[in-house]
$ cat input.tsv   # TSV, C-alpha atoms and all ligand atoms
chain	number	residue	atom	x	y	z
A	229	MET	CA	14.58	-42.64	-104.94
A	230	LYS	CA	13.23	-43.06	-101.42
A	231	ASN	CA	15.36	-41.35	-98.79
A	232	LEU	CA	14.63	-43.40	-95.70
A	233	PHE	CA	17.87	-42.19	-94.17
A	234	ASP	CA	17.50	-38.49	-94.99
A	235	LEU	CA	17.81	-36.31	-91.87
A	236	SER	CA	17.41	-32.88	-93.50
A	237	GLY	CA	15.75	-30.43	-91.14
A	238	LYS	CA	16.53	-32.52	-88.05
A	239	ALA	CA	18.98	-31.80	-85.25
A	240	ALA	CA	20.86	-34.13	-82.92
A	241	VAL	CA	23.12	-33.90	-79.88
A	242	ILE	CA	26.17	-36.15	-79.79
A	243	THR	CA	27.95	-36.29	-76.44
A	244	GLY	CA	31.64	-37.07	-76.79
A	245	GLY	CA	31.20	-35.92	-80.39
A	246	ASN	CA	34.66	-34.38	-80.74
A	247	GLY	CA	36.59	-37.56	-81.54
A	248	GLY	CA	36.56	-41.29	-82.18
A	249	ILE	CA	33.21	-42.96	-82.66
A	250	GLY	CA	31.30	-39.83	-81.57
A	251	LEU	CA	32.86	-37.72	-84.32
A	252	ALA	CA	32.27	-40.49	-86.87
A	253	ILE	CA	28.60	-40.54	-85.84
A	254	ALA	CA	28.44	-36.74	-86.18
A	255	GLN	CA	30.00	-36.93	-89.66
A	256	ALA	CA	27.51	-39.57	-90.81
A	257	LEU	CA	24.60	-37.50	-89.49
A	258	VAL	CA	25.90	-34.35	-91.21
A	259	GLU	CA	26.27	-36.29	-94.45
A	260	ALA	CA	22.63	-37.33	-94.08
A	261	GLY	CA	21.64	-33.66	-93.72
A	262	CYS	CA	21.30	-33.39	-89.94
A	263	ALA	CA	22.34	-30.38	-87.84
A	264	VAL	CA	24.59	-31.54	-85.01
A	265	SER	CA	25.51	-30.31	-81.57
A	266	ILE	CA	28.75	-31.93	-80.45
A	267	TRP	CA	29.79	-31.86	-76.82
A	268	GLY	CA	33.25	-32.55	-75.49
A	269	ARG	CA	35.56	-31.63	-72.61
A	270	ASN	CA	38.77	-30.78	-74.45
A	271	PRO	CA	38.38	-27.30	-76.06
A	272	GLU	CA	40.97	-27.80	-78.77
A	273	LYS	CA	39.70	-31.22	-79.82
A	274	THR	CA	36.16	-29.86	-79.83
A	275	LYS	CA	37.14	-26.88	-81.97
A	276	ASN	CA	38.94	-29.08	-84.49
A	277	ALA	CA	35.98	-31.43	-84.69
A	278	GLU	CA	33.63	-28.47	-85.20
A	279	GLN	CA	35.81	-27.31	-88.10
A	280	THR	CA	35.90	-30.82	-89.63
A	281	LEU	CA	32.10	-30.96	-89.57
A	282	ARG	CA	31.74	-27.43	-90.97
A	283	ASN	CA	34.07	-28.41	-93.82
A	284	LEU	CA	31.55	-31.13	-94.69
A	285	GLY	CA	28.95	-28.40	-95.02
A	286	GLY	CA	27.21	-29.19	-91.73
A	287	LYS	CA	25.22	-26.93	-89.43
A	288	VAL	CA	27.21	-27.32	-86.25
A	289	HIS	CA	27.02	-26.24	-82.65
A	290	ALA	CA	29.87	-27.16	-80.30
A	291	ALA	CA	29.86	-27.03	-76.53
A	292	ILE	CA	32.49	-27.61	-73.89
A	293	CYS	CA	30.54	-29.89	-71.63
A	294	ASP	CA	31.42	-32.53	-69.06
A	295	VAL	CA	28.31	-34.73	-68.99
A	296	THR	CA	28.84	-35.43	-65.28
A	297	ASP	CA	28.19	-31.70	-64.67
A	298	ARG	CA	24.45	-31.14	-64.60
A	299	ASP	CA	24.65	-27.36	-65.06
A	300	ALA	CA	26.96	-27.75	-68.05
A	301	VAL	CA	24.52	-30.25	-69.61
A	302	GLU	CA	21.59	-27.89	-69.14
A	303	THR	CA	23.51	-24.97	-70.62
A	304	ALA	CA	24.67	-27.00	-73.62
A	305	PHE	CA	21.13	-28.22	-74.31
A	306	ALA	CA	19.76	-24.67	-74.03
A	307	GLU	CA	22.40	-23.39	-76.49
A	308	ALA	CA	21.68	-26.19	-78.97
A	309	ILE	CA	17.93	-25.57	-78.86
A	310	GLU	CA	18.53	-21.83	-79.19
A	311	LYS	CA	20.68	-22.44	-82.26
A	312	PHE	CA	18.59	-25.09	-84.05
A	313	GLY	CA	15.13	-24.48	-82.60
A	314	ARG	CA	14.71	-28.21	-82.03
A	315	ILE	CA	16.42	-31.41	-80.96
A	316	ASP	CA	15.18	-34.64	-82.56
A	317	GLY	CA	17.68	-37.10	-81.19
A	318	CYS	CA	20.46	-37.52	-78.70
A	319	ILE	CA	23.36	-39.94	-79.05
A	320	ALA	CA	24.65	-40.52	-75.52
A	321	ASN	CA	28.11	-41.60	-76.56
A	322	ALA	CA	30.42	-39.96	-74.00
A	323	GLY	CA	31.85	-42.45	-71.60
A	324	ILE	CA	35.12	-43.05	-69.86
A	325	GLY	CA	36.92	-46.34	-69.70
A	326	GLY	CA	38.97	-47.59	-66.78
A	327	TYR	CA	39.61	-50.61	-64.64
A	328	VAL	CA	36.85	-50.37	-62.07
A	329	MET	CA	38.70	-52.67	-59.66
A	330	LEU	CA	41.59	-50.20	-59.51
A	331	CYS	CA	39.48	-47.06	-59.42
A	332	SER	CA	39.18	-44.76	-56.49
A	333	SER	CA	35.59	-44.24	-55.37
A	334	ILE	CA	35.64	-40.74	-56.86
A	335	HIS	CA	36.68	-42.15	-60.20
A	336	TYR	CA	33.98	-44.79	-59.92
A	337	THR	CA	31.33	-42.18	-59.19
A	338	ARG	CA	32.47	-40.21	-62.21
A	339	LEU	CA	32.30	-43.37	-64.29
A	340	LEU	CA	28.75	-43.99	-63.14
A	341	TYR	CA	27.70	-40.41	-63.71
A	342	SER	CA	29.08	-40.28	-67.21
A	343	SER	CA	27.08	-43.36	-68.15
A	344	ILE	CA	23.78	-42.30	-66.66
A	345	THR	CA	23.50	-38.56	-67.15
A	346	VAL	CA	21.49	-37.43	-70.24
B	49	MET	CA	21.62	-35.75	-98.76
B	50	THR	CA	25.17	-36.62	-99.76
B	51	THR	CA	25.57	-39.92	-97.94
B	52	THR	CA	26.35	-42.90	-100.16
B	53	LEU	CA	26.35	-45.46	-97.36
B	54	PHE	CA	23.14	-47.01	-98.69
B	55	ASP	CA	23.94	-46.87	-102.40
B	56	LEU	CA	23.66	-50.24	-104.15
B	57	THR	CA	24.55	-49.20	-107.69
B	58	GLY	CA	26.11	-52.09	-109.60
B	59	ARG	CA	25.11	-54.75	-107.06
B	60	LEU	CA	23.10	-57.85	-107.88
B	61	ALA	CA	20.49	-58.84	-105.32
B	62	LEU	CA	18.34	-61.96	-105.05
B	63	VAL	CA	15.19	-61.64	-102.94
B	64	THR	CA	13.05	-64.71	-102.23
B	65	GLY	CA	9.34	-64.37	-101.49
B	66	ALA	CA	9.43	-61.08	-103.37
B	67	SER	CA	6.04	-61.35	-105.11
B	68	ARG	CA	4.23	-59.74	-102.16
B	69	GLY	CA	4.49	-58.68	-98.51
B	70	ILE	CA	7.84	-57.90	-96.92
B	71	GLY	CA	9.85	-59.37	-99.82
B	72	GLU	CA	8.15	-57.15	-102.39
B	73	GLU	CA	8.90	-54.01	-100.35
B	74	VAL	CA	12.52	-55.12	-99.99
B	75	ALA	CA	12.86	-55.76	-103.74
B	76	ARG	CA	11.45	-52.30	-104.52
B	77	LEU	CA	13.68	-50.51	-102.01
B	78	LEU	CA	16.88	-52.28	-103.10
B	79	ALA	CA	16.07	-51.43	-106.73
B	80	ASP	CA	15.41	-47.80	-105.68
B	81	GLN	CA	18.94	-47.76	-104.28
B	82	GLY	CA	20.40	-48.88	-107.61
B	83	ALA	CA	20.64	-52.67	-107.28
B	84	HIS	CA	19.59	-55.07	-110.02
B	85	VAL	CA	17.04	-57.23	-108.23
B	86	ILE	CA	16.08	-60.79	-109.08
B	87	VAL	CA	12.50	-61.12	-107.88
B	88	SER	CA	11.75	-64.70	-106.85
B	89	SER	CA	8.86	-66.74	-105.44
B	90	ARG	CA	7.09	-69.93	-106.51
B	91	LYS	CA	5.03	-68.17	-109.18
B	92	GLN	CA	6.76	-66.79	-112.25
B	93	ASP	CA	3.83	-64.55	-113.29
B	94	ALA	CA	3.57	-62.97	-109.82
B	95	CYS	CA	7.33	-62.26	-109.83
B	96	GLU	CA	7.15	-60.92	-113.36
B	97	LYS	CA	4.51	-58.39	-112.26
B	98	VAL	CA	6.72	-56.99	-109.50
B	99	ALA	CA	9.81	-56.95	-111.74
B	100	GLU	CA	7.83	-55.21	-114.47
B	101	SER	CA	6.61	-52.51	-112.09
B	102	ILE	CA	10.16	-51.96	-110.78
B	103	ARG	CA	11.37	-51.52	-114.38
B	104	ALA	CA	8.47	-49.16	-115.09
B	105	ASN	CA	9.76	-47.02	-112.20
B	106	GLY	CA	13.20	-46.85	-113.78
B	107	GLY	CA	14.78	-49.66	-111.75
B	108	GLN	CA	16.48	-52.86	-112.85
B	109	ALA	CA	14.80	-56.17	-112.14
B	110	SER	CA	14.25	-59.64	-113.52
B	111	ALA	CA	11.99	-62.46	-112.39
B	112	PHE	CA	12.89	-66.08	-111.74
B	113	ALA	CA	10.59	-68.55	-110.01
B	114	CYS	CA	12.08	-70.84	-107.37
B	115	HIS	CA	10.32	-72.98	-104.76
B	116	ILE	CA	12.91	-72.94	-102.00
B	117	GLY	CA	11.65	-76.27	-100.65
B	118	GLU	CA	12.83	-77.94	-103.88
B	119	LEU	CA	16.59	-78.52	-104.15
B	120	GLU	CA	16.62	-78.74	-107.97
B	121	GLN	CA	14.85	-75.41	-108.22
B	122	ILE	CA	17.48	-73.81	-105.98
B	123	GLU	CA	20.20	-75.29	-108.17
B	124	ALA	CA	18.42	-73.98	-111.27
B	125	ILE	CA	18.20	-70.39	-110.03
B	126	TYR	CA	21.89	-70.34	-109.13
B	127	GLN	CA	22.78	-71.78	-112.51
B	128	TYR	CA	20.77	-68.96	-114.09
B	129	ILE	CA	22.50	-66.33	-111.94
B	130	GLN	CA	25.92	-67.79	-112.71
B	131	GLN	CA	25.26	-67.82	-116.46
B	132	GLU	CA	23.44	-64.51	-116.67
B	133	HIS	CA	25.46	-62.41	-114.20
B	134	GLY	CA	28.48	-64.47	-113.07
B	135	LYS	CA	28.17	-63.06	-109.56
B	136	LEU	CA	25.87	-62.32	-106.64
B	137	ASP	CA	26.33	-59.52	-104.09
B	138	ILE	CA	23.19	-59.75	-101.97
B	139	LEU	CA	20.82	-62.52	-100.90
B	140	VAL	CA	17.68	-61.84	-98.89
B	141	ASN	CA	16.28	-65.15	-97.64
B	142	ASN	CA	12.70	-64.09	-96.98
B	143	ALA	CA	10.27	-66.71	-98.33
B	144	ALA	CA	9.02	-69.02	-95.60
B	145	ALA	CA	6.24	-71.49	-94.85
B	146	ASN	CA	3.90	-71.72	-91.87
B	147	PRO	CA	1.52	-74.54	-92.77
B	148	TYR	CA	0.46	-75.64	-89.27
B	149	TYR	CA	-1.49	-73.85	-86.54
B	150	GLY	CA	-2.27	-75.99	-83.53
B	151	HIS	CA	-0.95	-77.66	-80.41
B	152	ILE	CA	2.66	-78.77	-80.82
B	153	VAL	CA	1.87	-82.29	-79.65
B	154	ASP	CA	-0.52	-82.81	-82.54
B	155	THR	CA	1.82	-81.48	-85.21
B	156	ASP	CA	1.10	-83.14	-88.51
B	157	LEU	CA	4.34	-84.69	-89.76
B	158	ARG	CA	3.80	-83.51	-93.33
B	159	ALA	CA	3.47	-79.94	-92.08
B	160	PHE	CA	6.59	-80.54	-89.95
B	161	GLN	CA	8.51	-81.74	-93.00
B	162	LYS	CA	7.33	-78.88	-95.20
B	163	THR	CA	8.36	-76.31	-92.58
B	164	VAL	CA	11.78	-77.89	-92.24
B	165	ASP	CA	12.24	-78.27	-96.01
B	166	VAL	CA	11.38	-74.63	-96.74
B	167	ASN	CA	12.48	-72.68	-93.67
B	168	ILE	CA	15.58	-74.62	-92.65
B	169	ARG	CA	16.87	-76.61	-95.63
B	170	GLY	CA	15.69	-73.92	-98.08
B	171	TYR	CA	17.40	-71.03	-96.26
B	172	PHE	CA	20.49	-73.21	-95.76
B	173	TYR	CA	20.87	-74.34	-99.37
B	174	MET	CA	20.10	-70.84	-100.69
B	175	SER	CA	22.85	-69.51	-98.40
B	176	SER	CA	25.47	-72.14	-99.20
B	177	ASN	CA	24.96	-71.64	-102.95
B	178	ALA	CA	25.09	-67.86	-102.52
B	179	CYS	CA	28.31	-68.04	-100.50
B	180	LYS	CA	30.00	-70.07	-103.24
B	181	LEU	CA	29.14	-67.30	-105.73
B	182	MET	CA	30.22	-64.57	-103.29
B	183	GLN	CA	33.62	-66.06	-102.47
B	184	GLY	CA	36.29	-63.74	-103.84
B	185	ASN	CA	34.16	-60.62	-103.98
B	186	GLY	CA	32.39	-60.80	-100.63
B	187	GLY	CA	28.70	-60.21	-100.15
B	188	ALA	CA	25.82	-59.78	-97.75
B	189	ILE	CA	23.08	-62.19	-96.75
B	190	VAL	CA	20.03	-61.29	-94.68
B	191	ASN	CA	17.86	-64.03	-93.25
B	192	VAL	CA	14.34	-63.00	-92.36
B	193	ALA	CA	13.72	-64.89	-89.12
B	194	SER	CA	11.00	-63.83	-86.64
B	195	VAL	CA	10.43	-62.75	-83.06
B	196	ASN	CA	9.04	-66.27	-82.75
B	197	GLY	CA	12.58	-67.57	-83.09
B	198	VAL	CA	13.26	-65.99	-79.70
B	199	ARG	CA	9.85	-66.25	-78.05
B	200	PRO	CA	7.79	-69.07	-79.58
B	201	GLY	CA	4.34	-68.26	-80.90
B	202	ASP	CA	1.53	-70.18	-79.21
B	203	LYS	CA	0.28	-73.00	-81.48
B	204	GLN	CA	3.11	-72.23	-83.90
B	205	GLY	CA	5.61	-74.74	-82.56
B	206	ILE	CA	7.39	-76.06	-85.62
B	207	TYR	CA	7.37	-72.62	-87.27
B	208	SER	CA	8.97	-71.10	-84.16
B	209	ILE	CA	11.52	-73.91	-84.00
B	210	SER	CA	12.45	-73.30	-87.64
B	211	LYS	CA	12.88	-69.57	-86.96
B	212	SER	CA	15.21	-70.36	-84.01
B	213	ALA	CA	17.18	-72.54	-86.41
B	214	ILE	CA	17.45	-69.61	-88.82
B	215	ILE	CA	18.93	-67.46	-86.05
B	216	GLY	CA	21.50	-70.19	-85.33
B	217	MET	CA	22.16	-70.59	-89.07
B	218	THR	CA	22.81	-66.85	-89.36
B	219	LYS	CA	25.53	-67.07	-86.73
B	220	SER	CA	27.15	-70.22	-88.14
B	221	PHE	CA	27.33	-68.82	-91.67
B	222	ALA	CA	28.61	-65.50	-90.28
B	223	LEU	CA	31.33	-67.30	-88.36
B	224	GLU	CA	32.56	-69.48	-91.19
B	225	CYS	CA	32.08	-67.09	-94.11
B	226	GLY	CA	33.43	-63.96	-92.38
B	227	PRO	CA	36.97	-64.62	-93.66
B	228	ASP	CA	35.55	-64.44	-97.22
B	229	ASN	CA	34.08	-61.00	-96.38
B	230	ILE	CA	30.56	-62.38	-96.55
B	231	ARG	CA	28.38	-60.79	-93.90
B	232	VAL	CA	25.35	-62.70	-92.65
B	233	ASN	CA	22.74	-61.05	-90.45
B	234	ALA	CA	19.13	-61.62	-89.49
B	235	LEU	CA	16.03	-59.48	-89.27
B	236	LEU	CA	13.46	-60.52	-86.68
B	237	PRO	CA	10.15	-58.94	-87.67
B	238	GLY	CA	7.27	-58.63	-85.28
B	239	LEU	CA	3.64	-58.73	-86.37
B	240	THR	CA	3.43	-57.29	-89.90
B	241	ASP	CA	0.43	-56.61	-92.10
B	242	THR	CA	0.78	-59.26	-94.83
B	243	LYS	CA	-1.13	-62.28	-96.12
B	244	PHE	CA	1.16	-64.41	-93.95
B	245	ALA	CA	-0.15	-62.79	-90.76
B	246	GLY	CA	-3.73	-62.51	-92.02
B	247	ALA	CA	-4.96	-65.14	-89.54
B	248	LEU	CA	-3.76	-62.92	-86.68
B	249	THR	CA	-4.45	-59.43	-88.02
B	250	GLY	CA	-7.84	-60.47	-89.44
B	251	ASN	CA	-9.22	-61.86	-86.16
B	252	GLU	CA	-10.09	-59.02	-83.79
B	253	GLU	CA	-9.96	-61.13	-80.65
B	254	VAL	CA	-6.55	-62.62	-81.42
B	255	LEU	CA	-5.29	-59.26	-82.65
B	256	ASN	CA	-6.20	-57.51	-79.41
B	257	VAL	CA	-4.25	-60.07	-77.39
B	258	TRP	CA	-1.24	-59.37	-79.60
B	259	LEU	CA	-1.57	-55.60	-79.52
B	260	LYS	CA	-1.53	-55.58	-75.71
B	261	GLN	CA	1.93	-57.11	-75.90
B	262	ILE	CA	3.32	-54.56	-78.39
B	263	PRO	CA	4.42	-51.29	-76.71
B	264	LEU	CA	3.83	-49.32	-79.93
B	265	ARG	CA	0.24	-50.72	-79.85
B	266	ARG	CA	0.07	-51.48	-83.56
B	267	TYR	CA	1.40	-53.93	-86.11
B	268	ALA	CA	3.96	-52.99	-88.76
B	269	GLN	CA	3.50	-52.25	-92.43
B	270	PRO	CA	5.79	-54.38	-94.64
B	271	SER	CA	7.65	-51.24	-95.77
B	272	GLU	CA	8.81	-50.77	-92.16
B	273	MET	CA	10.93	-53.93	-92.48
B	274	ALA	CA	12.64	-52.87	-95.69
B	275	GLY	CA	14.83	-50.08	-94.23
B	276	THR	CA	16.53	-52.45	-91.80
B	277	ILE	CA	17.23	-54.91	-94.61
B	278	LEU	CA	18.68	-52.10	-96.74
B	279	TYR	CA	20.93	-51.21	-93.82
B	280	LEU	CA	22.07	-54.81	-93.45
B	281	VAL	CA	22.89	-55.35	-97.15
B	282	SER	CA	24.57	-51.98	-97.69
B	283	ASP	CA	27.95	-50.54	-96.73
B	284	ALA	CA	26.24	-48.77	-93.82
B	285	SER	CA	26.59	-52.03	-91.90
B	286	SER	CA	30.04	-52.99	-93.20
B	287	PHE	CA	31.25	-54.24	-89.79
B	288	ALA	CA	28.05	-56.00	-88.76
B	289	THR	CA	27.87	-59.77	-89.09
B	290	GLY	CA	26.10	-62.46	-87.10
B	291	SER	CA	23.75	-59.89	-85.63
B	292	CYS	CA	20.00	-60.23	-85.22
B	293	ILE	CA	18.01	-57.02	-85.45
B	294	THR	CA	14.56	-57.04	-83.93
B	295	VAL	CA	11.96	-54.77	-85.53
B	296	ASP	CA	8.86	-55.54	-83.51
B	297	GLY	CA	7.35	-52.40	-81.95
B	298	GLY	CA	8.91	-53.49	-78.67
B	299	TYR	CA	7.24	-56.93	-78.44
B	300	LEU	CA	10.38	-58.69	-77.18
B	301	ILE	CA	11.21	-56.18	-74.44
A	401	LIG	N1	3.98	-61.08	-91.41
A	401	LIG	C1	4.44	-61.26	-90.19
A	401	LIG	O1	3.78	-60.91	-89.19
A	401	LIG	C2	5.79	-61.86	-89.99
A	401	LIG	C3	6.34	-61.87	-88.69
A	401	LIG	C4	7.60	-62.41	-88.48
A	401	LIG	C5	8.30	-62.95	-89.55
A	401	LIG	N2	7.75	-62.94	-90.80
A	401	LIG	C6	8.56	-63.54	-91.89
A	401	LIG	O2	8.63	-62.65	-92.99
A	401	LIG	C7	8.88	-63.38	-94.18
A	401	LIG	C8	7.97	-62.88	-95.30
A	401	LIG	O3	6.62	-63.08	-94.92
A	401	LIG	P1	5.43	-62.08	-95.33
A	401	LIG	O4	4.73	-61.75	-94.09
A	401	LIG	O5	5.91	-61.02	-96.23
A	401	LIG	O6	4.49	-63.14	-96.13
A	401	LIG	P2	3.64	-63.07	-97.47
A	401	LIG	O7	3.11	-61.71	-97.73
A	401	LIG	O8	2.67	-64.19	-97.38
A	401	LIG	O9	4.72	-63.38	-98.59
A	401	LIG	C9	5.37	-64.63	-98.66
A	401	LIG	C10	6.19	-64.67	-99.93
A	401	LIG	O10	6.91	-65.90	-99.98
A	401	LIG	C11	6.62	-66.59	-101.21
A	401	LIG	N3	6.71	-68.02	-100.89
A	401	LIG	C12	5.97	-68.75	-100.03
A	401	LIG	N4	6.41	-70.02	-99.98
A	401	LIG	C13	7.46	-70.10	-100.82
A	401	LIG	C14	8.34	-71.14	-101.21
A	401	LIG	N5	8.21	-72.38	-100.72
A	401	LIG	N6	9.32	-70.86	-102.09
A	401	LIG	C15	9.47	-69.62	-102.59
A	401	LIG	N7	8.68	-68.61	-102.27
A	401	LIG	C16	7.67	-68.85	-101.42
A	401	LIG	C17	5.25	-66.07	-101.63
A	401	LIG	O11	5.03	-66.09	-103.03
A	401	LIG	P3	4.45	-67.34	-103.87
A	401	LIG	O12	3.13	-67.69	-103.28
A	401	LIG	O13	4.37	-66.81	-105.26
A	401	LIG	O14	5.47	-68.42	-103.74
A	401	LIG	C18	5.37	-64.61	-101.20
A	401	LIG	O15	6.09	-63.87	-102.15
A	401	LIG	C19	8.73	-64.86	-93.79
A	401	LIG	O16	10.01	-65.40	-93.60
A	401	LIG	C20	7.98	-64.81	-92.47
A	401	LIG	O17	8.27	-65.92	-91.66
A	401	LIG	C21	6.52	-62.42	-91.06

$ encode --input "input.tsv" --output "structure tokens"
Amino acid sequence: MKNLFDLSGKAAVITGGNGGIGLAIAQALVEAGCAVSIWGRNPEKTKNAEQTLRNLGGKVHAAICDVTDRDAVETAFAEAIEKFGRIDGCIANAGIGGYVMLCSSIHYTRLLYSSITV
Amino acid sequence: MTTTLFDLTGRLALVTGASRGIGEEVARLLADQGAHVIVSSRKQDACEKVAESIRANGGQASAFACHIGELEQIEAIYQYIQQEHGKLDILVNNAAANPYYGHIVDTDLRAFQKTVDVNIRGYFYMSSNACKLMQGNGGAIVNVASVNGVRPGDKQGIYSISKSAIIGMTKSFALECGPDNIRVNALLPGLTDTKFAGALTGNEEVLNVWLKQIPLRRYAQPSEMAGTILYLVSDASSFATGSCITVDGGYLI
């Protein structure tokens, strides 16, 4: 059987990978054989997600990383590459919702940053 | 790999234009994933060859000829499916005609009619018959349209028009058949190495004009279309309907 969707030996970063759609993406990638590096802001959520993925038999790296923080992004990437030796793909999934009309300018800047960094 | 998102075990799939090119690759891949595939095109012997080779590889396949421009032949294939299997899970509407190459103003009306009969009425009647069989169990239909349905091909007016119609048809069927859990999506291939595109890929001058417009700087192999169709007919795309996926090396950017 052809395995067009086999990701064995590959590694991917999933920002916002500790819950919701990001975690579902990470699970699907793990099930397809991919090593995953999940990044999130909330330590407890991130730890739980890491455990969930490990229970599926996945190779997992987890980082506490706010994608609006450039240094944190660079550190998380360096750790992931150190751990897996490669990164084949990046799912830029982290984003924050909010009513832009009601946002303070700081909030708006954060919103912009979280969409464009990575 | 433990993922079962793409597993088609127990599903019955009908692929038109499956005797060669994109359709043949699709038939082989769906059979690889466990589906029983009905290989169809106008020529029974050509379909039989593909079905035979799928069976020789351990897959399940049968052959049934059907000219999709002929209404009685469409009715006959559905009668066969109803009697033989009593159900249909997957339809890949892939066979199409492109009988005219020339300025749109000079379009020969017989070529116009043939294009409409095969590409529009054929896809439509194949879909409506499939949906009737799928009601109750749900199902997935993929219409092979073309990048020319979005950006018309020069001197391919009526063909491009028919491919735009197929994109519209995909959305209308998706809208009205969604409540029956029938998903309908379209694949828009770019230039692909088949007999169909031979006039373009076989002429160096024309080919170079095309390649300049394709960011990946090459045309596709038919097998590169099959993965997207597998995605669209499998549970991996269970919430996708009415969508059009372009696989064109970046041509439409
Ligand atoms: N190749 C490209 O560059 C390209 C680009 C965009 C879209 N497409 C689309 O991709 C689809 C497949 O084309 P392809 O490139 O794979 O072409 P192909 O290699 O020429 O194959 C066409 C298939 O359709 C069958 N067929 C033709 N007319 C038919 C009819 N009236 N009724 C039933 N079967 C018929 C042929 O078999 P018989 O002769 O035995 O009937 C053959 O199996 C078409 O919808 C085409 O518009 C192709």

$ interface_residues --input "input.tsv" --of "chain B" --to "chain A" --cutoff "9 Å" --atoms "all atoms listed in the file" --output "PyMOL selection string"
chain B and resi 49-54+77+80-82+275

$ residues_near_ligand --input "input.tsv" --ligand "ligand LIG 401 (chain A)" --cutoff "7 Å" --atoms "all atoms listed in the file" --output "PDB file with C-alpha atoms, in the frame of the given file"
ATOM      1  CA  THR B  64      13.050 -64.710-102.230  1.00  0.00           C
ATOM      2  CA  GLY B  65       9.340 -64.370-101.490  1.00  0.00           C
ATOM      3  CA  ALA B  66       9.430 -61.080-103.370  1.00  0.00           C
ATOM      4  CA  SER B  67       6.040 -61.350-105.110  1.00  0.00           C
ATOM      5  CA  ARG B  68       4.230 -59.740-102.160  1.00  0.00           C
ATOM      6  CA  GLY B  69       4.490 -58.680 -98.510  1.00  0.00           C
ATOM      7  CA  ILE B  70       7.840 -57.900 -96.920  1.00  0.00           C
ATOM      8  CA  GLY B  71       9.850 -59.370 -99.820  1.00  0.00           C
ATOM      9  CA  SER B  88      11.750 -64.700-106.850  1.00  0.00           C
ATOM     10  CA  SER B  89       8.860 -66.740-105.440  1.00  0.00           C
ATOM     11  CA  ARG B  90       7.090 -69.930-106.510  1.00  0.00           C
ATOM     12  CA  LYS B  91       5.030 -68.170-109.180  1.00  0.00           C
ATOM     13  CA  ALA B  94       3.570 -62.970-109.820  1.00  0.00           C
ATOM     14  CA  CYS B 114      12.080 -70.840-107.370  1.00  0.00           C
ATOM     15  CA  HIS B 115      10.320 -72.980-104.760  1.00  0.00           C
ATOM     16  CA  ILE B 116      12.910 -72.940-102.000  1.00  0.00           C
ATOM     17  CA  GLY B 117      11.650 -76.270-100.650  1.00  0.00           C
ATOM     18  CA  ASN B 142      12.700 -64.090 -96.980  1.00  0.00           C
ATOM     19  CA  ALA B 143      10.270 -66.710 -98.330  1.00  0.00           C
ATOM     20  CA  ALA B 144       9.020 -69.020 -95.600  1.00  0.00           C
ATOM     21  CA  ALA B 145       6.240 -71.490 -94.850  1.00  0.00           C
ATOM     22  CA  VAL B 166      11.380 -74.630 -96.740  1.00  0.00           C
ATOM     23  CA  VAL B 192      14.340 -63.000 -92.360  1.00  0.00           C
ATOM     24  CA  ALA B 193      13.720 -64.890 -89.120  1.00  0.00           C
ATOM     25  CA  SER B 194      11.000 -63.830 -86.640  1.00  0.00           C
ATOM     26  CA  VAL B 195      10.430 -62.750 -83.060  1.00  0.00           C
ATOM     27  CA  LEU B 236      13.460 -60.520 -86.680  1.00  0.00           C
ATOM     28  CA  PRO B 237      10.150 -58.940 -87.670  1.00  0.00           C
ATOM     29  CA  GLY B 238       7.270 -58.630 -85.280  1.00  0.00           C
ATOM     30  CA  LEU B 239       3.640 -58.730 -86.370  1.00  0.00           C
ATOM     31  CA  THR B 240       3.430 -57.290 -89.900  1.00  0.00           C
ATOM     32  CA  ASP B 241       0.430 -56.610 -92.100  1.00  0.00           C
ATOM     33  CA  THR B 242       0.780 -59.260 -94.830  1.00  0.00           C
ATOM     34  CA  LYS B 243      -1.130 -62.280 -96.120  1.00  0.00           C
ATOM     35  CA  PHE B 244       1.160 -64.410 -93.950  1.00  0.00           C
ATOM     36  CA  ALA B 245      -0.150 -62.790 -90.760  1.00  0.00           C
ATOM     37  CA  PRO B 270       5.790 -54.380 -94.640  1.00  0.00           C
TER      38      PRO B 270
END

$ closest_residue --input "input.tsv" --among "A:Ala300, A:Val241, A:Ile253, A:Ala277" --to "Asp316 (chain A)" --atoms "all atoms listed in the file"
A:Val241

$ atom_distance --input "input.tsv" --atom1 "CA of Lys97 (chain B)" --atom2 "CA of Val63 (chain B)"
14.5 Å

$ closest_residue --input "input.tsv" --among "A:Gln279, A:Lys273, A:Cys318, A:Val295" --to "Ile242 (chain A)" --atoms "all atoms listed in the file"
A:Cys318

$ atom_distance --input "input.tsv" --atom1 "CA of Glu96 (chain B)" --atom2 "CA of Ser110 (chain B)"
7.2 Å

$ atom_distance --input "input.tsv" --atom1 "CA of Ile168 (chain B)" --atom2 "CA of Ser210 (chain B)"
6.1 Å

$ closest_residue --input "input.tsv" --among "B:Lys219, B:Leu278, B:Ala268, B:Pro200" --to "Ala79 (chain B)" --atoms "all atoms listed in the file"
B:Leu278

$ residues_around --input "input.tsv" --residues "Ser175 (chain B)" --least-positions-apart "6" --cutoff "10 Å" --atoms "all atoms listed in the file" --output "MDAnalysis selection string"
chainID B and resid 139:141 169 181 189:191 217:218 221 232

$ closest_residue --input "input.tsv" --among "B:Val85, B:Leu259, B:Leu223, B:Val198" --to "Thr289 (chain B)" --atoms "only C-alpha atoms"
B:Leu223

$ closest_residue --input "input.tsv" --among "B:Lys203, B:Phe172, B:Gly290, B:Asn167" --to "Val153 (chain B)" --atoms "all atoms listed in the file"
B:Lys203
